[in-house]
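The file run00.cif comes next; it holds mmCIF, C-alpha atoms.
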data_final
#
loop_
_atom_site.label_atom_id
_atom_site.label_comp_id
_atom_site.auth_asym_id
_atom_site.auth_seq_id
_atom_site.Cartn_x
_atom_site.Cartn_y
_atom_site.Cartn_z
CA MET A 632 0.00 0.00 0.00
CA ASP A 633 1.32 3.43 -0.97
CA VAL A 634 0.75 5.27 2.30
CA ARG A 635 1.93 8.58 0.85
CA GLY A 636 -1.16 8.62 -1.32
CA LEU A 637 -3.54 8.43 1.63
CA SER A 638 -5.30 11.40 3.16
CA VAL A 639 -4.49 12.44 6.71
CA THR A 640 -7.86 11.09 7.85
CA SER A 641 -7.22 7.70 6.26
CA LEU A 642 -3.71 7.59 7.69
CA ALA A 643 -5.04 8.37 11.15
CA ASP A 644 -7.66 5.64 10.90
CA GLN A 645 -5.07 3.09 9.78
CA CYS A 646 -2.65 4.32 12.45
CA GLN A 647 -5.29 3.69 15.10
CA GLU A 648 -5.48 0.06 14.02
CA GLU A 649 -1.67 -0.21 13.95
CA THR A 650 -1.47 1.26 17.45
CA ALA A 651 -4.02 -1.23 18.74
CA ARG A 652 -1.85 -4.04 17.40
CA TYR A 653 1.21 -2.43 18.95
CA LEU A 654 -0.48 -2.29 22.37
CA ARG A 655 -1.44 -5.95 22.00
CA ARG A 656 2.23 -6.66 21.15
CA GLU A 657 1.26 -8.13 17.80
CA GLY A 658 4.08 -6.45 15.93
CA GLY A 659 3.82 -4.76 12.55
CA GLU A 660 5.83 -2.03 10.87
CA GLY A 661 3.48 0.85 11.60
CA ASP A 662 3.81 2.35 8.12
CA CYS A 663 0.73 4.54 8.40
CA CYS A 664 1.76 5.87 11.81
CA PHE A 665 5.24 6.60 10.51
CA GLU A 666 3.79 8.49 7.53
CA LEU A 667 1.49 10.43 9.86
CA PHE A 668 4.51 11.51 11.89
CA ARG A 669 6.43 12.34 8.70
CA ARG A 670 3.72 14.67 7.48
CA ALA A 671 3.32 16.24 10.89
CA VAL A 672 7.03 16.83 11.46
CA ALA A 673 8.83 16.89 8.13
CA ALA A 674 6.01 18.61 6.23
CA ARG A 675 4.81 20.61 9.26
CA ASP A 676 1.22 19.58 8.48
CA GLY A 677 -0.94 20.93 11.32
CA GLN A 678 -3.78 18.50 10.75
CA ALA A 679 -1.40 15.55 10.83
CA TRP A 680 0.19 16.82 14.04
CA GLU A 681 -3.21 17.12 15.71
CA ARG A 682 -3.94 13.50 14.81
CA VAL A 683 -0.54 12.39 16.11
CA VAL A 684 -1.26 14.01 19.47
CA VAL A 685 -4.71 12.45 19.67
CA GLN A 686 -3.37 9.04 18.66
CA TYR A 687 -0.44 8.89 21.08
CA ARG A 688 -1.76 10.90 24.01
CA ARG A 689 -2.84 7.81 25.96
CA ILE A 690 0.54 6.12 25.48
CA VAL A 691 2.45 9.22 26.59
CA LEU A 692 0.13 9.51 29.61
CA ALA A 693 1.06 5.98 30.65
CA TRP A 694 4.77 6.81 30.35
CA VAL A 695 4.30 9.89 32.52
CA ARG A 696 2.34 8.08 35.21
CA HIS A 697 4.91 5.27 35.49
CA HIS A 698 8.00 7.48 35.47
CA PRO A 699 10.22 7.13 38.58
CA SER A 700 10.19 10.93 39.12
CA ARG A 701 6.43 11.36 38.86
CA ALA A 702 5.91 11.28 42.64
CA LEU A 703 8.28 14.26 43.04
CA ILE A 704 6.20 16.55 40.80
CA ASN A 705 2.94 18.30 41.63
CA GLU A 706 1.67 19.38 38.20
CA SER A 707 -1.08 17.39 36.49
CA ASP A 708 -0.36 14.46 34.21
CA ASP A 709 -1.98 16.33 31.31
CA ASP A 710 0.53 19.16 31.71
CA TRP A 711 3.40 16.70 31.29
CA VAL A 712 1.78 15.00 28.33
CA ASN A 713 1.50 18.40 26.65
CA GLU A 714 5.09 19.24 27.55
CA THR A 715 6.27 15.93 26.09
CA PHE A 716 4.70 16.67 22.71
CA ALA A 717 5.92 20.27 22.82
CA ARG A 718 9.47 19.12 23.53
CA PHE A 719 9.35 16.62 20.69
CA TRP A 720 8.06 19.32 18.31
CA ARG A 721 10.81 21.75 19.31
CA ALA A 722 13.55 19.14 19.10
CA VAL A 723 12.67 17.49 15.78
CA SER A 724 12.90 19.96 12.92
CA PRO A 725 11.96 18.90 9.38
CA ASP A 726 15.58 18.30 8.43
CA ARG A 727 16.12 16.09 11.51
CA PHE A 728 13.23 13.75 10.80
CA GLY A 729 15.53 11.62 8.67
CA MET A 730 17.29 10.45 11.84
CA PHE A 731 14.33 8.14 12.47
CA PRO A 732 14.47 4.98 10.35
CA ASN A 733 11.11 3.63 11.55
CA LEU A 734 8.19 4.14 13.92
CA ALA A 735 9.93 2.35 16.79
CA ALA A 736 12.74 4.92 16.71
CA ILE A 737 10.21 7.78 16.77
CA LEU A 738 8.42 6.32 19.77
CA ARG A 739 11.68 5.79 21.62
CA TYR A 740 12.51 9.45 21.10
CA LEU A 741 9.01 10.55 22.12
CA LYS A 742 9.38 8.51 25.30
CA MET A 743 12.76 10.10 25.90
CA CYS A 744 11.04 13.51 25.66
CA ALA A 745 8.61 12.46 28.39
CA HIS A 746 11.52 11.24 30.49
CA SER A 747 13.55 14.42 29.97
CA SER A 748 10.62 16.72 30.79
CA LEU A 749 9.93 15.00 34.10
CA MET A 750 13.61 14.62 34.90
CA ASP A 751 14.29 18.33 34.40
CA GLU A 752 11.36 19.31 36.61
CA ALA A 753 12.36 16.82 39.30
CA ARG A 754 15.83 18.35 39.40
CA ALA A 755 14.41 21.84 39.72
CA SER A 756 11.85 20.97 42.40
CA ASP A 757 13.92 18.61 44.54
CA ALA A 758 17.62 19.20 43.95
CA GLN A 759 18.67 17.23 47.02
CA HIS A 760 17.33 14.02 45.52
CA VAL A 761 18.22 14.52 41.87
CA ALA A 762 21.61 15.39 40.40
CA PRO A 763 22.07 18.60 38.33
CA MET A 764 21.70 18.46 34.56
CA ASP A 765 25.42 18.82 33.91
CA ASP A 766 26.03 15.74 36.06
CA ALA A 767 24.43 13.69 33.31
CA VAL A 768 27.65 14.05 31.35
CA GLU A 769 29.46 12.07 34.04
CA MET A 770 28.28 9.08 32.07
CA ALA A 771 31.04 9.99 29.65
CA ALA A 772 33.72 9.07 32.20
CA PRO A 773 33.57 5.31 31.56
CA LEU A 774 34.04 6.15 27.87
CA ASP A 775 37.54 7.48 28.59
CA VAL A 776 36.51 11.09 28.10
CA GLU A 777 36.66 12.29 31.68
CA GLY A 778 37.13 16.02 31.86
CA VAL A 779 35.20 16.87 28.70
CA ALA A 780 33.59 20.28 29.20
CA LEU A 781 30.02 20.61 27.96
CA GLY A 782 27.76 23.62 28.33
CA ALA A 783 24.22 23.20 29.61
CA SER A 784 22.66 23.14 26.14
CA THR A 785 25.24 20.73 24.76
CA ALA A 786 24.93 18.55 27.84
CA SER A 787 21.20 18.32 27.28
CA HIS A 788 21.67 17.21 23.67
CA PHE A 789 24.39 14.80 24.73
CA TRP A 790 22.01 13.23 27.24
CA GLN A 791 19.34 12.96 24.54
CA SER A 792 21.81 11.17 22.28
CA ILE A 793 22.54 8.71 25.06
CA GLN A 794 18.83 8.10 25.56
CA ALA A 795 18.38 7.43 21.85
CA GLU A 796 20.86 4.53 22.10
CA LEU A 797 18.86 2.71 24.79
CA GLN A 798 16.84 -0.26 23.61
CA ASP A 799 14.07 -0.70 26.17
CA ASP A 800 12.52 0.44 29.45
CA VAL A 801 14.85 -1.75 31.51
CA GLU A 802 17.96 -0.07 30.07
CA GLN A 803 16.42 3.38 30.42
CA LEU A 804 15.65 2.76 34.07
CA VAL A 805 19.17 1.53 34.83
CA VAL A 806 20.74 4.56 33.12
CA TYR A 807 18.37 7.01 34.78
CA LEU A 808 18.82 5.56 38.27
CA SER A 809 22.60 5.12 37.86
CA PHE A 810 23.63 8.36 36.22
CA VAL A 811 20.89 10.79 37.21
CA LEU A 812 19.87 9.63 40.69
CA ASP A 813 23.35 8.20 41.36
CA LEU A 814 22.11 4.91 42.78
CA LYS A 815 24.39 1.92 43.20
CA PRO A 816 23.57 -1.39 41.43
CA GLY A 817 22.55 -2.96 44.74
CA GLU A 818 20.14 -0.10 45.43
CA ILE A 819 18.66 -0.39 41.93
CA GLN A 820 18.11 -4.13 42.27
CA ALA A 821 16.52 -3.66 45.71
CA ARG A 822 14.11 -1.03 44.37
CA TYR A 823 13.14 -2.92 41.22
CA PRO A 824 13.49 -6.66 41.80
CA GLU A 825 10.72 -7.25 39.25
CA HIS A 826 13.09 -5.95 36.54
CA TYR A 827 16.46 -7.16 37.85
CA ALA A 828 16.73 -10.61 39.40
CA SER A 829 20.21 -9.91 40.78
CA VAL A 830 22.76 -7.15 41.21
CA ALA A 831 24.76 -8.89 38.49
CA ASP A 832 21.90 -8.16 36.06
CA VAL A 833 22.24 -4.44 36.75
CA TYR A 834 26.00 -4.56 36.19
CA ARG A 835 25.50 -6.51 32.96
CA ILE A 836 22.99 -4.01 31.59
CA LYS A 837 25.21 -1.06 32.47
CA ARG A 838 28.19 -2.75 30.81
CA ASN A 839 26.21 -3.49 27.64
CA VAL A 840 24.93 0.09 27.44
CA LEU A 841 28.40 1.56 27.87
CA GLU A 842 29.83 -0.74 25.20
CA ARG A 843 27.09 0.38 22.81
CA LEU A 844 27.80 4.03 23.55
CA ARG A 845 31.48 3.50 22.79
CA ARG A 846 30.46 2.33 19.31
CA SER A 847 27.97 5.16 18.68
CA ASP A 848 29.03 7.58 15.94
CA GLU A 849 26.79 10.29 17.40
CA ILE A 850 28.33 9.98 20.86
CA ARG A 851 31.80 10.02 19.31
CA ALA A 852 30.86 13.18 17.42
CA PHE A 853 29.89 14.89 20.69
CA LEU A 854 33.25 13.97 22.14
CA GLY A 855 35.18 15.27 19.17
#
Kindly present the structure from the file in structure tokens form.
Amino acid sequence: MDVRGLSVTSLADQCQEETARYLRREGGEGDCCFELFRRAVAARDGQAWERVVVQYRRIVLAWVRHHPSRALINESDDDWVNETFARFWRAVSPDRFGMFPNLAAILRYLKMCAHSSLMDEARASDAQHVAPMDDAVEMAAPLDVEGVALGASTASHFWQSIQAELQDDVEQLVVYLSFVLDLKPGEIQARYPEHYASVADVYRIKRNVLERLRRSDEIRAFLG
């Protein structure tokens, strides 16, 4: 099916069916959803963007409600859903849309936007529990780049690039708890035994993530 020939309404209807299959974990490429995002972002089609927000609002809401920092923040869930979409819109210009090879990559980035929005607010509202934004670059130390100086804006983009390399919620949680909340592997395993059967699992995930970051061209570009 040539999805580029479909109207926005038809794409949205097909995307709804694709999303239902996604939530049932039935797989699928999500071609219509990807095209809906492409028109919304790359073509800056307002109607397509409105349908994207309607389509994915419930999924973003679930991400917000289950985020580890949610309990530290007083604003409503709807506010953070709106901020997630706004952050995505600001971050992904038409010429950057090509960085997404498929729908899964788009959704990972959208989820990262939800994570970053809540993380930034948690830092601002409860600094004693959450490390400053520039501390996120300490993750670079195991990559043999200790001492690299990054400004606040560059640090934010560097952190986003790290997030884009993570494959699933389990990796995201380990990275967030390790390098943002500065928890030790034993503390992580004790807090989330449903995700990590042993402390060794946490170490293994951290090691795999760091090895992947060492191979990332984008991370290497940040580090010069």
- Atomic distance atom CA of Gln647 of chain A - atom CA of Met743 of chain A, expressed in Å with one decimal: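 These two atoms are separated by 22.0 Å.
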- Task: For segment 680-690 of chain A, please output as a VMD selection string all residues within 12 Å (counting only C-alpha atoms; exclusion window: fewer than 2 positions along the same chain).
- Result: chain A and resid 638 to 651 653 to 654 663 to 678 692 to 697 708 to 717 719 to 720 737 to 739 741 to 742 745
Go ahead and write the residues just picked, C-alpha atoms, as a short mmCIF file (atom, residue, chain, number, x, y, z; two decimals), in the coordinates of the input.
data_model
loop_
_atom_site.label_atom_id
_atom_site.label_comp_id
_atom_site.auth_asym_id
_atom_site.auth_seq_id
_atom_site.Cartn_x
_atom_site.Cartn_y
_atom_site.Cartn_z
CA SER A 638 -5.30 11.40 3.16
CA VAL A 639 -4.49 12.44 6.71
CA THR A 640 -7.86 11.09 7.85
CA SER A 641 -7.22 7.70 6.26
CA LEU A 642 -3.71 7.59 7.69
CA ALA A 643 -5.04 8.37 11.15
CA ASP A 644 -7.66 5.64 10.90
CA GLN A 645 -5.07 3.09 9.78
CA CYS A 646 -2.65 4.32 12.45
CA GLN A 647 -5.29 3.69 15.10
CA GLU A 648 -5.48 0.06 14.02
CA GLU A 649 -1.67 -0.21 13.95
CA THR A 650 -1.47 1.26 17.45
CA ALA A 651 -4.02 -1.23 18.74
CA TYR A 653 1.21 -2.43 18.95
CA LEU A 654 -0.48 -2.29 22.37
CA CYS A 663 0.73 4.54 8.40
CA CYS A 664 1.76 5.87 11.81
CA PHE A 665 5.24 6.60 10.51
CA GLU A 666 3.79 8.49 7.53
CA LEU A 667 1.49 10.43 9.86
CA PHE A 668 4.51 11.51 11.89
CA ARG A 669 6.43 12.34 8.70
CA ARG A 670 3.72 14.67 7.48
CA ALA A 671 3.32 16.24 10.89
CA VAL A 672 7.03 16.83 11.46
CA ALA A 673 8.83 16.89 8.13
CA ALA A 674 6.01 18.61 6.23
CA ARG A 675 4.81 20.61 9.26
CA ASP A 676 1.22 19.58 8.48
CA GLY A 677 -0.94 20.93 11.32
CA GLN A 678 -3.78 18.50 10.75
CA LEU A 692 0.13 9.51 29.61
CA ALA A 693 1.06 5.98 30.65
CA TRP A 694 4.77 6.81 30.35
CA VAL A 695 4.30 9.89 32.52
CA ARG A 696 2.34 8.08 35.21
CA HIS A 697 4.91 5.27 35.49
CA ASP A 708 -0.36 14.46 34.21
CA ASP A 709 -1.98 16.33 31.31
CA ASP A 710 0.53 19.16 31.71
CA TRP A 711 3.40 16.70 31.29
CA VAL A 712 1.78 15.00 28.33
CA ASN A 713 1.50 18.40 26.65
CA GLU A 714 5.09 19.24 27.55
CA THR A 715 6.27 15.93 26.09
CA PHE A 716 4.70 16.67 22.71
CA ALA A 717 5.92 20.27 22.82
CA PHE A 719 9.35 16.62 20.69
CA TRP A 720 8.06 19.32 18.31
CA ILE A 737 10.21 7.78 16.77
CA LEU A 738 8.42 6.32 19.77
CA ARG A 739 11.68 5.79 21.62
CA LEU A 741 9.01 10.55 22.12
CA LYS A 742 9.38 8.51 25.30
CA ALA A 745 8.61 12.46 28.39
#
- Query: Please, what distance in Å, to one decimal, runs between atom CA of Asp832 of chain A and atom CA of Ser847 of chain A?
  - Reply: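 Interatomic distance here is 22.7 Å.
Here atom CA of Pro725 of chain A stands at a distance of 23.4 Å from atom CA of Leu797 of chain A.
Among the candidate residues A:Asn839, A:Asn733, A:Ser809, A:Ser707, the one lying nearest to Leu749 of chain A is A:Ser707, with distances computed using all atoms listed in the file.
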- Test item: which residues lie within 12 Å of (17.4, 8.4, 23.4) counting all atoms listed in the file, as a PyMOL selection string: chain A and resi 719+730-731+735-747+787-800+802-803+806-807+840+844+849-850
- Selected residue, from A:Val833, A:Arg635, A:Ala679, A:Arg718, that lies nearest to Glu818 of chain A when counting all atoms listed in the file: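 For Glu818 of chain A, the nearest of the candidates is A:Val833.
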- Item | Long-range neighbours of Lys815 of chain A as a PyMOL selection string, 10 Å cut-off, only C-alpha atoms, 4 positions minimum in chain | chain A and resi 805+808-810+819-821+830+833-834
